[in-house]
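Peer 1: Coordinates in coords_8.cif, mmCIF, C-alpha atoms and all ligand atoms, are listed below.
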data_my_file
#
loop_
_atom_site.label_atom_id
_atom_site.label_comp_id
_atom_site.auth_asym_id
_atom_site.auth_seq_id
_atom_site.Cartn_x
_atom_site.Cartn_y
_atom_site.Cartn_z
CA MET A 26 -5.99 -22.66 -14.82
CA VAL A 27 -3.47 -20.03 -15.91
CA HIS A 28 -0.04 -20.73 -14.42
CA TYR A 29 0.96 -17.16 -13.53
CA ALA A 30 4.16 -18.22 -11.76
CA SER A 31 5.76 -19.01 -15.11
CA MET A 32 4.65 -15.72 -16.70
CA ILE A 33 5.97 -12.16 -16.66
CA ASP A 34 3.21 -11.04 -14.36
CA PHE A 35 2.44 -7.31 -14.34
CA ARG A 36 -0.90 -7.57 -12.52
CA SER A 37 0.43 -6.35 -9.18
CA ASP A 38 3.51 -6.11 -6.97
CA THR A 39 1.74 -8.58 -4.66
CA VAL A 40 2.36 -11.54 -6.96
CA THR A 41 6.03 -12.02 -6.03
CA VAL A 42 7.11 -15.35 -4.60
CA PRO A 43 9.60 -15.65 -1.71
CA THR A 44 13.22 -15.94 -2.82
CA PRO A 45 15.34 -18.91 -1.73
CA ALA A 46 17.16 -16.59 0.73
CA MET A 47 13.84 -15.49 2.22
CA ARG A 48 12.68 -19.09 2.52
CA ALA A 49 15.95 -19.91 4.31
CA VAL A 50 15.48 -17.22 6.98
CA MET A 51 11.88 -18.38 7.42
CA ALA A 52 12.98 -21.97 7.92
CA GLU A 53 15.53 -20.93 10.52
CA ALA A 54 13.35 -18.46 12.45
CA SER A 55 13.06 -19.05 16.18
CA VAL A 56 9.46 -18.73 17.26
CA GLY A 57 7.14 -18.47 20.26
CA ASP A 58 3.49 -17.72 20.91
CA ASP A 59 2.91 -14.15 19.75
CA VAL A 60 -0.49 -13.85 21.45
CA TYR A 61 1.54 -14.17 24.67
CA GLY A 62 4.07 -11.68 23.27
CA GLU A 63 6.69 -14.45 23.19
CA ASP A 64 7.64 -14.66 19.53
CA PRO A 65 11.15 -13.20 19.24
CA GLY A 66 10.89 -12.69 15.47
CA VAL A 67 7.62 -10.77 15.72
CA ASN A 68 8.91 -8.62 18.59
CA ASP A 69 12.07 -7.93 16.63
CA LEU A 70 10.19 -6.97 13.45
CA GLU A 71 7.80 -4.70 15.35
CA SER A 72 10.57 -2.73 17.02
CA PHE A 73 12.72 -2.72 13.86
CA ALA A 74 9.87 -1.31 11.75
CA ALA A 75 8.89 1.22 14.44
CA GLU A 76 12.44 2.52 14.59
CA LEU A 77 12.81 2.64 10.82
CA LEU A 78 9.61 4.68 10.58
CA GLY A 79 10.48 6.95 13.52
CA LYS A 80 7.67 5.77 15.80
CA GLU A 81 7.52 4.39 19.32
CA ALA A 82 5.87 1.02 18.77
CA GLY A 83 4.78 -1.41 16.07
CA MET A 84 2.27 -4.22 15.57
CA PHE A 85 2.63 -7.01 13.02
CA VAL A 86 -0.61 -7.83 11.22
CA ALA A 87 -1.71 -10.20 8.50
CA SER A 88 -2.57 -7.59 5.88
CA GLY A 89 -2.76 -3.94 4.96
CA THR A 90 -6.52 -4.09 5.31
CA GLN A 91 -6.27 -5.36 8.87
CA SER A 92 -3.66 -2.74 9.67
CA ASN A 93 -5.78 0.16 8.39
CA LEU A 94 -8.84 -1.22 10.17
CA CYS A 95 -7.07 -1.57 13.52
CA ALA A 96 -5.67 1.95 13.13
CA ILE A 97 -9.05 3.54 12.37
CA LEU A 98 -10.66 1.68 15.27
CA ALA A 99 -7.84 2.74 17.59
CA HIS A 100 -8.38 6.40 16.68
CA CYS A 101 -12.18 6.51 16.46
CA GLN A 102 -15.04 5.51 18.73
CA ARG A 103 -18.50 4.40 17.67
CA GLY A 104 -20.26 7.41 16.11
CA ASP A 105 -17.00 9.12 15.11
CA GLU A 106 -15.89 9.58 11.53
CA TYR A 107 -12.72 9.52 9.47
CA LEU A 108 -12.11 11.73 6.45
CA VAL A 109 -10.61 9.88 3.54
CA GLY A 110 -10.16 10.11 -0.22
CA GLN A 111 -12.99 8.73 -2.32
CA GLU A 112 -10.54 6.46 -4.17
CA ALA A 113 -8.41 5.60 -1.14
CA HIS A 114 -7.93 1.96 -0.33
CA CYS A 115 -9.10 2.35 3.26
CA TYR A 116 -12.39 3.78 2.04
CA LYS A 117 -13.14 2.01 -1.22
CA TYR A 118 -11.44 -1.35 -1.11
CA GLU A 119 -11.65 -2.60 2.47
CA ALA A 120 -15.20 -3.97 2.50
CA GLY A 121 -16.51 -1.16 4.68
CA GLY A 122 -14.74 -2.67 7.70
CA ALA A 123 -14.56 0.48 9.84
CA ALA A 124 -18.31 1.07 9.39
CA VAL A 125 -19.28 -2.58 9.80
CA LEU A 126 -17.05 -3.47 12.72
CA GLY A 127 -16.49 -0.14 14.46
CA SER A 128 -19.62 1.88 13.64
CA VAL A 129 -17.19 4.51 12.40
CA GLN A 130 -18.58 6.60 9.55
CA PRO A 131 -16.31 7.33 6.60
CA GLN A 132 -16.50 10.84 5.15
CA PRO A 133 -15.14 10.38 1.61
CA VAL A 134 -13.70 13.42 -0.16
CA ALA A 135 -13.10 13.67 -3.93
CA MET A 136 -9.55 12.89 -4.93
CA ASN A 137 -7.34 14.04 -7.78
CA ALA A 138 -5.38 11.54 -9.86
CA ALA A 139 -2.31 12.57 -7.87
CA GLY A 140 -3.90 11.09 -4.75
CA THR A 141 -4.55 14.50 -3.20
CA MET A 142 -7.77 16.07 -1.95
CA ASP A 143 -8.66 19.74 -2.17
CA LEU A 144 -7.91 20.83 1.38
CA ASP A 145 -10.63 23.51 1.44
CA THR A 146 -13.09 20.71 0.67
CA VAL A 147 -11.58 18.61 3.44
CA ALA A 148 -11.81 21.57 5.84
CA ALA A 149 -15.47 22.11 4.93
CA ALA A 150 -16.22 18.43 5.56
CA ILE A 151 -14.79 18.41 9.09
CA LYS A 152 -17.63 18.24 11.59
CA ASN A 153 -16.38 19.21 14.99
CA GLN A 154 -18.38 22.38 15.49
CA PRO A 155 -21.51 22.38 17.72
CA SER A 156 -24.31 20.64 15.83
CA MET A 157 -27.15 20.08 18.27
CA GLY A 158 -26.15 16.45 18.09
CA HIS A 159 -26.59 16.17 14.33
CA PHE A 160 -23.08 15.24 13.30
CA ALA A 161 -20.78 12.32 13.69
CA HIS A 162 -17.57 13.58 15.33
CA SER A 163 -14.69 13.99 12.86
CA ARG A 164 -11.65 12.43 14.52
CA LEU A 165 -9.23 11.30 11.86
CA LEU A 166 -7.78 12.24 8.49
CA CYS A 167 -6.38 9.38 6.38
CA LEU A 168 -3.92 9.86 3.54
CA GLU A 169 -2.43 7.27 1.19
CA ASN A 170 1.17 7.35 -0.03
CA THR A 171 1.80 6.26 -2.72
CA HIS A 172 -1.58 6.42 -4.46
CA ASN A 173 -1.67 4.48 -7.75
CA GLY A 174 2.10 4.61 -7.63
CA ARG A 175 2.22 8.38 -7.19
CA PRO A 176 4.12 9.74 -4.19
CA LEU A 177 2.17 12.50 -2.45
CA PRO A 178 3.69 15.96 -2.94
CA ILE A 179 5.59 16.86 0.21
CA ASP A 180 4.02 20.32 0.54
CA TYR A 181 0.54 18.77 0.21
CA VAL A 182 1.31 16.39 3.09
CA ASP A 183 2.58 19.33 5.17
CA ALA A 184 -0.56 21.36 4.45
CA ALA A 185 -2.89 18.42 5.17
CA GLN A 186 -1.10 17.74 8.43
CA SER A 187 -1.36 21.42 9.47
CA LEU A 188 -5.07 21.43 8.70
CA ALA A 189 -5.63 18.25 10.70
CA ARG A 190 -3.71 19.63 13.68
CA GLU A 191 -5.52 22.99 13.60
CA ARG A 192 -8.88 21.22 13.52
CA GLY A 193 -8.05 18.64 16.19
CA LEU A 194 -7.91 15.58 13.93
CA ALA A 195 -5.51 12.69 14.29
CA LEU A 196 -3.61 11.51 11.19
CA HIS A 197 -3.25 8.05 9.72
CA LEU A 198 -1.14 7.19 6.70
CA ASP A 199 -1.89 4.15 4.58
CA GLY A 200 1.70 3.66 3.51
CA ALA A 201 1.21 0.29 1.85
CA ARG A 202 3.81 1.49 -0.66
CA LEU A 203 5.50 4.14 1.49
CA TRP A 204 8.76 2.44 0.52
CA ASN A 205 8.29 3.44 -3.12
CA ALA A 206 7.65 7.05 -2.10
CA ALA A 207 10.82 7.03 0.00
CA ILE A 208 12.92 5.70 -2.90
CA ALA A 209 11.33 8.04 -5.46
CA ASP A 210 11.73 11.16 -3.29
CA ASP A 211 15.13 10.12 -1.91
CA ARG A 212 13.85 10.38 1.65
CA SER A 213 14.10 7.98 4.56
CA PRO A 214 11.02 5.94 5.51
CA ALA A 215 10.91 7.95 8.75
CA GLU A 216 10.78 11.21 6.80
CA VAL A 217 7.83 9.98 4.75
CA ALA A 218 6.11 8.77 7.94
CA ALA A 219 6.82 11.99 9.92
CA GLY A 220 3.83 13.91 11.27
CA PHE A 221 1.41 10.97 11.19
CA ASP A 222 0.10 9.44 14.40
CA THR A 223 -0.13 5.99 12.84
CA VAL A 224 1.38 4.58 9.68
CA SER A 225 0.62 1.26 8.02
CA VAL A 226 3.26 -0.30 5.78
CA CYS A 227 2.98 -3.49 3.73
CA LEU A 228 5.71 -6.09 3.44
CA SER A 229 3.94 -8.07 0.74
CA LYS A 230 3.84 -5.37 -1.93
CA GLY A 231 7.05 -4.57 -3.73
CA LEU A 232 9.20 -5.86 -0.88
CA GLY A 233 8.43 -9.46 -1.75
CA ALA A 234 7.29 -10.96 1.57
CA PRO A 235 4.49 -13.52 1.26
CA ILE A 236 2.30 -11.93 3.93
CA GLY A 237 2.19 -9.15 6.47
CA SER A 238 2.00 -5.48 7.28
CA VAL A 239 3.15 -3.43 10.24
CA LEU A 240 1.21 -0.65 11.94
CA VAL A 241 3.40 1.84 13.81
CA GLY A 242 2.60 4.73 16.13
CA SER A 243 2.73 5.76 19.78
CA ALA A 244 2.74 2.99 22.38
CA PRO A 245 -0.80 3.79 23.64
CA LEU A 246 -2.25 3.82 20.12
CA ILE A 247 -0.56 0.55 19.23
CA GLU A 248 -1.79 -1.01 22.48
CA GLU A 249 -5.34 0.00 21.56
CA ALA A 250 -4.86 -1.29 17.98
CA ARG A 251 -3.61 -4.59 19.40
CA ARG A 252 -6.92 -5.09 21.19
CA TRP A 253 -8.76 -4.58 17.90
CA ARG A 254 -6.39 -6.95 16.13
CA LYS A 255 -7.30 -9.61 18.67
CA MET A 256 -11.01 -8.87 18.20
CA VAL A 257 -10.86 -9.30 14.44
CA GLY A 258 -9.11 -12.63 14.84
CA GLY A 259 -5.67 -11.31 13.96
CA GLY A 260 -3.78 -12.69 16.95
CA MET A 261 -1.27 -15.10 15.43
CA ARG A 262 0.79 -17.71 17.25
CA GLN A 263 4.22 -18.76 15.90
CA ALA A 264 4.17 -15.86 13.47
CA GLY A 265 7.95 -15.44 13.68
CA ILE A 266 8.22 -17.54 10.54
CA ILE A 267 6.48 -14.86 8.49
CA ALA A 268 7.95 -11.98 10.53
CA ALA A 269 11.41 -13.26 9.55
CA ALA A 270 10.37 -12.96 5.91
CA GLY A 271 9.17 -9.41 6.65
CA ARG A 272 12.44 -8.29 8.19
CA HIS A 273 14.40 -9.91 5.37
CA ALA A 274 12.13 -8.13 2.88
CA ILE A 275 12.88 -4.72 4.37
CA GLU A 276 16.59 -5.33 4.73
CA GLN A 277 17.17 -6.92 1.34
CA HIS A 278 14.47 -5.58 -0.96
CA LEU A 279 13.93 -1.94 -0.03
CA ALA A 280 16.86 -0.44 -1.93
CA PRO A 281 16.23 -2.66 -5.03
CA LEU A 282 12.82 -0.98 -5.45
CA ALA A 283 14.89 1.52 -7.44
CA ASN A 284 15.29 -1.25 -10.07
CA ASP A 285 11.51 -1.55 -10.33
CA HIS A 286 11.26 2.20 -10.86
CA ALA A 287 13.96 2.04 -13.55
CA ASN A 288 12.19 -0.90 -15.22
CA ALA A 289 8.91 1.04 -15.17
CA THR A 290 10.66 4.01 -16.77
CA ARG A 291 12.02 1.81 -19.58
CA LEU A 292 8.64 0.09 -19.99
CA ALA A 293 6.84 3.44 -20.29
CA GLU A 294 9.40 4.68 -22.80
CA GLY A 295 9.21 1.48 -24.90
CA LEU A 296 5.41 1.34 -24.92
CA ALA A 297 5.10 5.04 -25.71
CA ALA A 298 6.85 4.36 -29.01
CA ILE A 299 4.09 1.92 -30.09
CA ASP A 300 1.18 3.35 -32.11
CA GLY A 301 -2.23 2.99 -30.53
CA LEU A 302 -1.09 3.22 -26.90
CA THR A 303 -1.35 6.18 -24.56
CA ILE A 304 0.97 5.96 -21.60
CA ASP A 305 0.53 7.50 -18.18
CA GLY A 306 3.64 7.17 -16.09
CA PRO A 307 5.91 5.81 -14.94
CA HIS A 308 4.65 6.44 -11.43
CA THR A 309 7.26 4.75 -9.23
CA SER A 310 6.84 1.08 -10.25
CA MET A 311 3.58 1.51 -12.19
CA VAL A 312 2.72 2.31 -15.79
CA PHE A 313 -0.84 2.86 -17.02
CA VAL A 314 -1.57 1.92 -20.63
CA THR A 315 -4.72 3.10 -22.44
CA PHE A 316 -5.62 1.34 -25.68
CA GLY A 317 -6.96 3.27 -28.65
CA ASP A 318 -10.56 2.55 -29.73
CA GLU A 319 -9.26 0.48 -32.63
CA HIS A 320 -7.93 -2.13 -30.17
CA ASP A 321 -9.86 -4.62 -28.08
CA PRO A 322 -8.08 -4.71 -24.68
CA VAL A 323 -9.32 -8.22 -23.92
CA ALA A 324 -7.99 -9.59 -27.22
CA ILE A 325 -4.65 -7.86 -26.59
CA ALA A 326 -4.44 -9.31 -23.08
CA GLU A 327 -5.09 -12.75 -24.59
CA ARG A 328 -2.36 -12.29 -27.19
CA LEU A 329 0.04 -11.18 -24.47
CA ALA A 330 -0.95 -14.14 -22.28
CA ALA A 331 -0.08 -16.43 -25.19
CA ALA A 332 3.39 -14.82 -25.02
CA ASP A 333 3.49 -15.52 -21.24
CA ILE A 334 2.80 -11.93 -20.19
CA ALA A 335 0.03 -11.37 -17.68
CA MET A 336 -1.95 -8.19 -17.03
CA PHE A 337 -5.50 -7.37 -16.04
CA PRO A 338 -7.41 -6.48 -19.22
CA GLY A 339 -9.25 -3.18 -19.42
CA PRO A 340 -9.39 0.04 -21.43
CA THR A 341 -6.59 1.23 -19.16
CA ALA A 342 -4.27 -1.49 -17.93
CA ARG A 343 -2.04 -1.01 -14.89
CA LEU A 344 1.36 -2.65 -15.33
CA VAL A 345 3.35 -3.02 -12.12
CA CYS A 346 7.07 -3.76 -12.09
CA HIS A 347 8.36 -5.77 -9.14
CA LEU A 348 11.06 -8.02 -7.79
CA ASP A 349 10.20 -10.90 -10.10
CA ILE A 350 10.36 -8.80 -13.29
CA SER A 351 13.83 -8.19 -14.73
CA ALA A 352 15.10 -5.59 -17.18
CA ALA A 353 15.20 -8.36 -19.82
CA ASP A 354 11.54 -9.18 -19.09
CA VAL A 355 10.70 -5.54 -19.79
CA GLU A 356 12.37 -5.72 -23.21
CA THR A 357 10.48 -8.95 -23.96
CA THR A 358 7.26 -7.22 -22.96
CA ILE A 359 7.82 -4.17 -25.16
CA GLU A 360 8.40 -6.49 -28.15
CA ALA A 361 5.32 -8.57 -27.28
CA PHE A 362 3.15 -5.43 -27.08
CA ALA A 363 4.40 -4.28 -30.46
CA ALA A 364 3.55 -7.72 -31.92
CA ALA A 365 0.15 -7.87 -30.19
CA LEU A 366 -0.87 -4.49 -31.62
CA SER A 367 0.44 -5.03 -35.12
C1 LIG A 401 -2.84 1.43 -0.94
C2 LIG A 401 -3.22 0.10 -0.34
N1 LIG A 401 -3.54 0.04 0.95
C3 LIG A 401 -3.90 -1.11 1.54
C4 LIG A 401 -3.95 -2.28 0.83
C5 LIG A 401 -4.43 -3.54 1.51
O1 LIG A 401 -3.45 -4.50 1.64
P1 LIG A 401 -3.83 -6.05 1.78
O2 LIG A 401 -4.12 -6.55 0.41
O3 LIG A 401 -2.57 -6.62 2.38
O4 LIG A 401 -4.99 -6.14 2.68
C6 LIG A 401 -3.63 -2.27 -0.54
C7 LIG A 401 -3.68 -3.52 -1.32
O5 LIG A 401 -3.38 -3.59 -2.48
C8 LIG A 401 -3.25 -1.05 -1.13
O6 LIG A 401 -2.95 -0.98 -2.44
#
Is it possible to give me this structure as structure tokens?
Peer 2:
Amino acid sequence: MVHYASMIDFRSDTVTVPTPAMRAVMAEASVGDDVYGEDPGVNDLESFAAELLGKEAGMFVASGTQSNLCAILAHCQRGDEYLVGQEAHCYKYEAGGAAVLGSVQPQPVAMNAAGTMDLDTVAAAIKNQPSMGHFAHSRLLCLENTHNGRPLPIDYVDAAQSLARERGLALHLDGARLWNAAIADDRSPAEVAAGFDTVSVCLSKGLGAPIGSVLVGSAPLIEEARRWRKMVGGGMRQAGIIAAAGRHAIEQHLAPLANDHANATRLAEGLAAIDGLTIDGPHTSMVFVTFGDEHDPVAIAERLAAADIAMFPGPTARLVCHLDISAADVETTIEAFAAALS
């Protein structure tokens, strides 16, 4: 088995391991039974995250997938639908959970590489006009920020929010990497979250926590989402141990995301100078590398793995900078790419 922990691992920002300081706060966390609402660390994280994101209430969940699912089910009833980008995580990569578990129909809409949808197309797909009973009821518009590392343009978010309001839709933001958008756009997390009814943020991507996401929104919506969390088996007991890691992750690792963005910038610049590579990015912490036809991406990934550099092979490889990748690692990687392609 490949021992990724000893490699410079660009596969994702989810591969980070807890720092000694994070492990220390986890070890010291005071805990209680969170299903009874008695875990002080979970309660603290939920209100801390809600305040940071400018919302009334928060709910700690195991994953981004569970967070998005609970949000969609809190907004939509059986026979309703949510409008969502064709490439969005909460349409394409969440195992059809809203349809399977909530009988909520997704209405996917084509997306641009920037993570945006044509809003006229979105408007045309909204079904809340009389239909003689033909249509599912459109209830919710979901956006994703960042999408493939790209922060959504602020005027696009404003326009999408206006459209949703005019047409009576609620708004959910999959902000798994909202933190990166905030750093890149020099805005507060609350500014990026503004105008959405619910926002899901991940603690285990970029911020370095081992597990966990938080869903924030109004108190009634979070109460409804909490019921769904229980139904999908997401009620956790002494979860304060992981909530402590989550709070530590926000407090200690949010500002240093700027280092990941700087490392991605240097990586993109270094790789762009190598013949046979086409570079897209940096997009916050991510760089996309397309190999020329003369190169076999699998063979290159193997050569890089022999130099202790991990990435998913493919015609276009996504390289993600994160907490466990240093500026020196980036220089090592640029040299290893040059050697692997020579
Ligand atoms: C944009 C986005 N949303 C949601 C998720 C789901 O998060 P999780 O893997 O914690 O379920 C991911 C996971 O990579 C993601 O990239």
Peer 1: I want to know what sits within 8 Å of range 316-320 of chain A, based on all atoms listed in the file, with residues of the same chain fewer than 2 positions away left out; could you give that as a PyMOL selection string?
Peer 2: chain A and resi 301-303+314+322+325+340-341+366
Peer 1: Find the residues with any atom within 8 Å of (-10.2, -7.7, -19.1); use only C-alpha atoms and the coordinates as given in the file, and write the answer as an NGL selection string.
Peer 2: :A and (322-323 or 326 or 337-339)
Peer 1: I need the residue nearest ligand LIG 401 (chain A) from this list: A:His162, A:Arg252, A:His347, A:His172. Use all atoms listed in the file for the distance.
Peer 2: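 Ranked by minimum distance to ligand LIG 401 (chain A), first place goes to A:His172.
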Peer 1: Do you know which residues are at most 9 Å from Leu203 in chain A counting only C-alpha atoms, after dropping those on the same chain fewer than 4 positions away, and could you put them as a count of residues only?
Peer 2: 14
Peer 1: Counting only C-alpha atoms and all ligand atoms, what residues are within 10 Å of ligand LIG 401 (chain A), given as a PDB file with C-alpha atoms, keeping the file's coordinate frame?
Peer 2:
ATOM      1  CA  SER A  37       0.430  -6.350  -9.180  1.00  0.00           C
ATOM      2  CA  ASP A  38       3.510  -6.110  -6.970  1.00  0.00           C
ATOM      3  CA  THR A  39       1.740  -8.580  -4.660  1.00  0.00           C
ATOM      4  CA  VAL A  86      -0.610  -7.830  11.220  1.00  0.00           C
ATOM      5  CA  ALA A  87      -1.710 -10.200   8.500  1.00  0.00           C
ATOM      6  CA  SER A  88      -2.570  -7.590   5.880  1.00  0.00           C
ATOM      7  CA  GLY A  89      -2.760  -3.940   4.960  1.00  0.00           C
ATOM      8  CA  THR A  90      -6.520  -4.090   5.310  1.00  0.00           C
ATOM      9  CA  GLN A  91      -6.270  -5.360   8.870  1.00  0.00           C
ATOM     10  CA  SER A  92      -3.660  -2.740   9.670  1.00  0.00           C
ATOM     11  CA  ASN A  93      -5.780   0.160   8.390  1.00  0.00           C
ATOM     12  CA  LEU A  94      -8.840  -1.220  10.170  1.00  0.00           C
ATOM     13  CA  GLU A 112     -10.540   6.460  -4.170  1.00  0.00           C
ATOM     14  CA  ALA A 113      -8.410   5.600  -1.140  1.00  0.00           C
ATOM     15  CA  HIS A 114      -7.930   1.960  -0.330  1.00  0.00           C
ATOM     16  CA  CYS A 115      -9.100   2.350   3.260  1.00  0.00           C
ATOM     17  CA  TYR A 116     -12.390   3.780   2.040  1.00  0.00           C
ATOM     18  CA  TYR A 118     -11.440  -1.350  -1.110  1.00  0.00           C
ATOM     19  CA  GLU A 119     -11.650  -2.600   2.470  1.00  0.00           C
ATOM     20  CA  LEU A 168      -3.920   9.860   3.540  1.00  0.00           C
ATOM     21  CA  GLU A 169      -2.430   7.270   1.190  1.00  0.00           C
ATOM     22  CA  ASN A 170       1.170   7.350  -0.030  1.00  0.00           C
ATOM     23  CA  THR A 171       1.800   6.260  -2.720  1.00  0.00           C
ATOM     24  CA  HIS A 172      -1.580   6.420  -4.460  1.00  0.00           C
ATOM     25  CA  ASN A 173      -1.670   4.480  -7.750  1.00  0.00           C
ATOM     26  CA  GLY A 174       2.100   4.610  -7.630  1.00  0.00           C
ATOM     27  CA  LEU A 198      -1.140   7.190   6.700  1.00  0.00           C
ATOM     28  CA  ASP A 199      -1.890   4.150   4.580  1.00  0.00           C
ATOM     29  CA  GLY A 200       1.700   3.660   3.510  1.00  0.00           C
ATOM     30  CA  ALA A 201       1.210   0.290   1.850  1.00  0.00           C
ATOM     31  CA  ARG A 202       3.810   1.490  -0.660  1.00  0.00           C
ATOM     32  CA  LEU A 203       5.500   4.140   1.490  1.00  0.00           C
ATOM     33  CA  SER A 225       0.620   1.260   8.020  1.00  0.00           C
ATOM     34  CA  VAL A 226       3.260  -0.300   5.780  1.00  0.00           C
ATOM     35  CA  CYS A 227       2.980  -3.490   3.730  1.00  0.00           C
ATOM     36  CA  LEU A 228       5.710  -6.090   3.440  1.00  0.00           C
ATOM     37  CA  SER A 229       3.940  -8.070   0.740  1.00  0.00           C
ATOM     38  CA  LYS A 230       3.840  -5.370  -1.930  1.00  0.00           C
ATOM     39  CA  PRO A 235       4.490 -13.520   1.260  1.00  0.00           C
ATOM     40  CA  ILE A 236       2.300 -11.930   3.930  1.00  0.00           C
ATOM     41  CA  GLY A 237       2.190  -9.150   6.470  1.00  0.00           C
ATOM     42  CA  SER A 238       2.000  -5.480   7.280  1.00  0.00           C
TER      43      SER A 238
END
Peer 1: With distances taken over all atoms listed in the file, which residue among A:Ala82, A:Cys101, A:Ile359, A:Val67 lies nearest Leu165 in chain A?
Peer 2: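 For Leu165 in chain A, the nearest of the candidates is A:Cys101.
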Peer 1: Which value, in Å to one decimal, gives the distance between CA of Ala250 in chain A and CA of Gly57 in chain A?
Peer 2: 21.1 Å
Peer 1: When you count all atoms listed in the file, which of these residues is closest to Ala209 in chain A: A:Asp285, A:Glu356, A:Asp143, A:Glu327?
Peer 2: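 Selected residue with least distance to Ala209 in chain A: A:Asp285.
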Peer 1: Which residues are near Ala287 in chain A? Cut-off 12 Å, all atoms listed in the file, ignore same chain within fewer than 6 positions. Put them as a ChimeraX atom specification.
Peer 2: /A:205,208-209,281,293-294,306-312,345-348,350-352,355
Peer 1: Determine, counting all atoms listed in the file, which protein, DNA and RNA residues have an atom within 12 Å of an atom of Glu360 in chain A; residues of the same chain fewer than 3 positions away are not included. Present the result as an MDAnalysis selection string.
Peer 2: chainID A and resid 292 295:296 298:299 329 332 334 353:357 363:367
Peer 1: Output C-alpha atoms for every residue in that selection, as a tab-separated table (two decimals), in the coordinates of the input.
Peer 2:
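Output saved as selection-v1.tsv:
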chain	number	residue	atom	x	y	z
A	292	LEU	CA	8.64	0.09	-19.99
A	295	GLY	CA	9.21	1.48	-24.90
A	296	LEU	CA	5.41	1.34	-24.92
A	298	ALA	CA	6.85	4.36	-29.01
A	299	ILE	CA	4.09	1.92	-30.09
A	329	LEU	CA	0.04	-11.18	-24.47
A	332	ALA	CA	3.39	-14.82	-25.02
A	334	ILE	CA	2.80	-11.93	-20.19
A	353	ALA	CA	15.20	-8.36	-19.82
A	354	ASP	CA	11.54	-9.18	-19.09
A	355	VAL	CA	10.70	-5.54	-19.79
A	356	GLU	CA	12.37	-5.72	-23.21
A	357	THR	CA	10.48	-8.95	-23.96
A	363	ALA	CA	4.40	-4.28	-30.46
A	364	ALA	CA	3.55	-7.72	-31.92
A	365	ALA	CA	0.15	-7.87	-30.19
A	366	LEU	CA	-0.87	-4.49	-31.62
A	367	SER	CA	0.44	-5.03	-35.12
Peer 1: Using all atoms listed in the file, which residue out of A:Val241, A:Ala324, A:Val56, A:Ala280 lies closest to Phe73 in chain A?
Peer 2: A:Val241
Peer 1: Of the candidates A:Leu177, A:Arg212, A:Phe221, A:Gln132, which shows the shortest atom-to-atom distance to Arg190 in chain A, using all atoms listed in the file?
Peer 2: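 Nearest to Arg190 in chain A: A:Phe221.
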Peer 1: Work out how far apart CA of Gln263 in chain A and CA of Leu246 in chain A are and give it in Å to one decimal.
Peer 2: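 CA of Leu246 in chain A lies at a distance of 23.9 Å from CA of Gln263 in chain A.
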Peer 1: Can you pull range 179-190 of chain A out of that block with N, CA and C atoms and hand it back as a PDB file, in the first residue's frame?
Peer 2:
ATOM      1  N   ILE A 179     -18.604  38.176  -7.222  1.00  0.00           N
ATOM      2  CA  ILE A 179     -19.546  38.743  -6.250  1.00  0.00           C
ATOM      3  C   ILE A 179     -20.814  39.232  -6.945  1.00  0.00           C
ATOM      4  N   ASP A 180     -20.678  39.836  -8.138  1.00  0.00           N
ATOM      5  CA  ASP A 180     -21.899  40.335  -8.797  1.00  0.00           C
ATOM      6  C   ASP A 180     -22.776  39.185  -9.305  1.00  0.00           C
ATOM      7  N   TYR A 181     -22.156  38.040  -9.596  1.00  0.00           N
ATOM      8  CA  TYR A 181     -22.952  36.861  -9.981  1.00  0.00           C
ATOM      9  C   TYR A 181     -23.778  36.386  -8.777  1.00  0.00           C
ATOM     10  N   VAL A 182     -23.141  36.335  -7.620  1.00  0.00           N
ATOM     11  CA  VAL A 182     -23.870  35.896  -6.416  1.00  0.00           C
ATOM     12  C   VAL A 182     -25.032  36.852  -6.148  1.00  0.00           C
ATOM     13  N   ASP A 183     -24.769  38.152  -6.272  1.00  0.00           N
ATOM     14  CA  ASP A 183     -25.835  39.141  -6.046  1.00  0.00           C
ATOM     15  C   ASP A 183     -26.997  38.907  -7.010  1.00  0.00           C
ATOM     16  N   ALA A 184     -26.659  38.694  -8.280  1.00  0.00           N
ATOM     17  CA  ALA A 184     -27.713  38.526  -9.295  1.00  0.00           C
ATOM     18  C   ALA A 184     -28.487  37.226  -9.063  1.00  0.00           C
ATOM     19  N   ALA A 185     -27.774  36.164  -8.695  1.00  0.00           N
ATOM     20  CA  ALA A 185     -28.450  34.880  -8.436  1.00  0.00           C
ATOM     21  C   ALA A 185     -29.362  35.000  -7.226  1.00  0.00           C
ATOM     22  N   GLN A 186     -28.889  35.723  -6.219  1.00  0.00           N
ATOM     23  CA  GLN A 186     -29.721  35.899  -5.026  1.00  0.00           C
ATOM     24  C   GLN A 186     -30.972  36.724  -5.355  1.00  0.00           C
ATOM     25  N   SER A 187     -30.811  37.766  -6.173  1.00  0.00           N
ATOM     26  CA  SER A 187     -31.982  38.589  -6.543  1.00  0.00           C
ATOM     27  C   SER A 187     -32.992  37.749  -7.305  1.00  0.00           C
ATOM     28  N   LEU A 188     -32.490  36.937  -8.240  1.00  0.00           N
ATOM     29  CA  LEU A 188     -33.394  36.080  -9.014  1.00  0.00           C
ATOM     30  C   LEU A 188     -34.162  35.139  -8.074  1.00  0.00           C
ATOM     31  N   ALA A 189     -33.423  34.496  -7.172  1.00  0.00           N
ATOM     32  CA  ALA A 189     -34.074  33.545  -6.257  1.00  0.00           C
ATOM     33  C   ALA A 189     -35.146  34.246  -5.431  1.00  0.00           C
ATOM     34  N   ARG A 190     -34.831  35.421  -4.937  1.00  0.00           N
ATOM     35  CA  ARG A 190     -35.807  36.160  -4.101  1.00  0.00           C
ATOM     36  C   ARG A 190     -37.044  36.530  -4.922  1.00  0.00           C
TER      37      ARG A 190
END
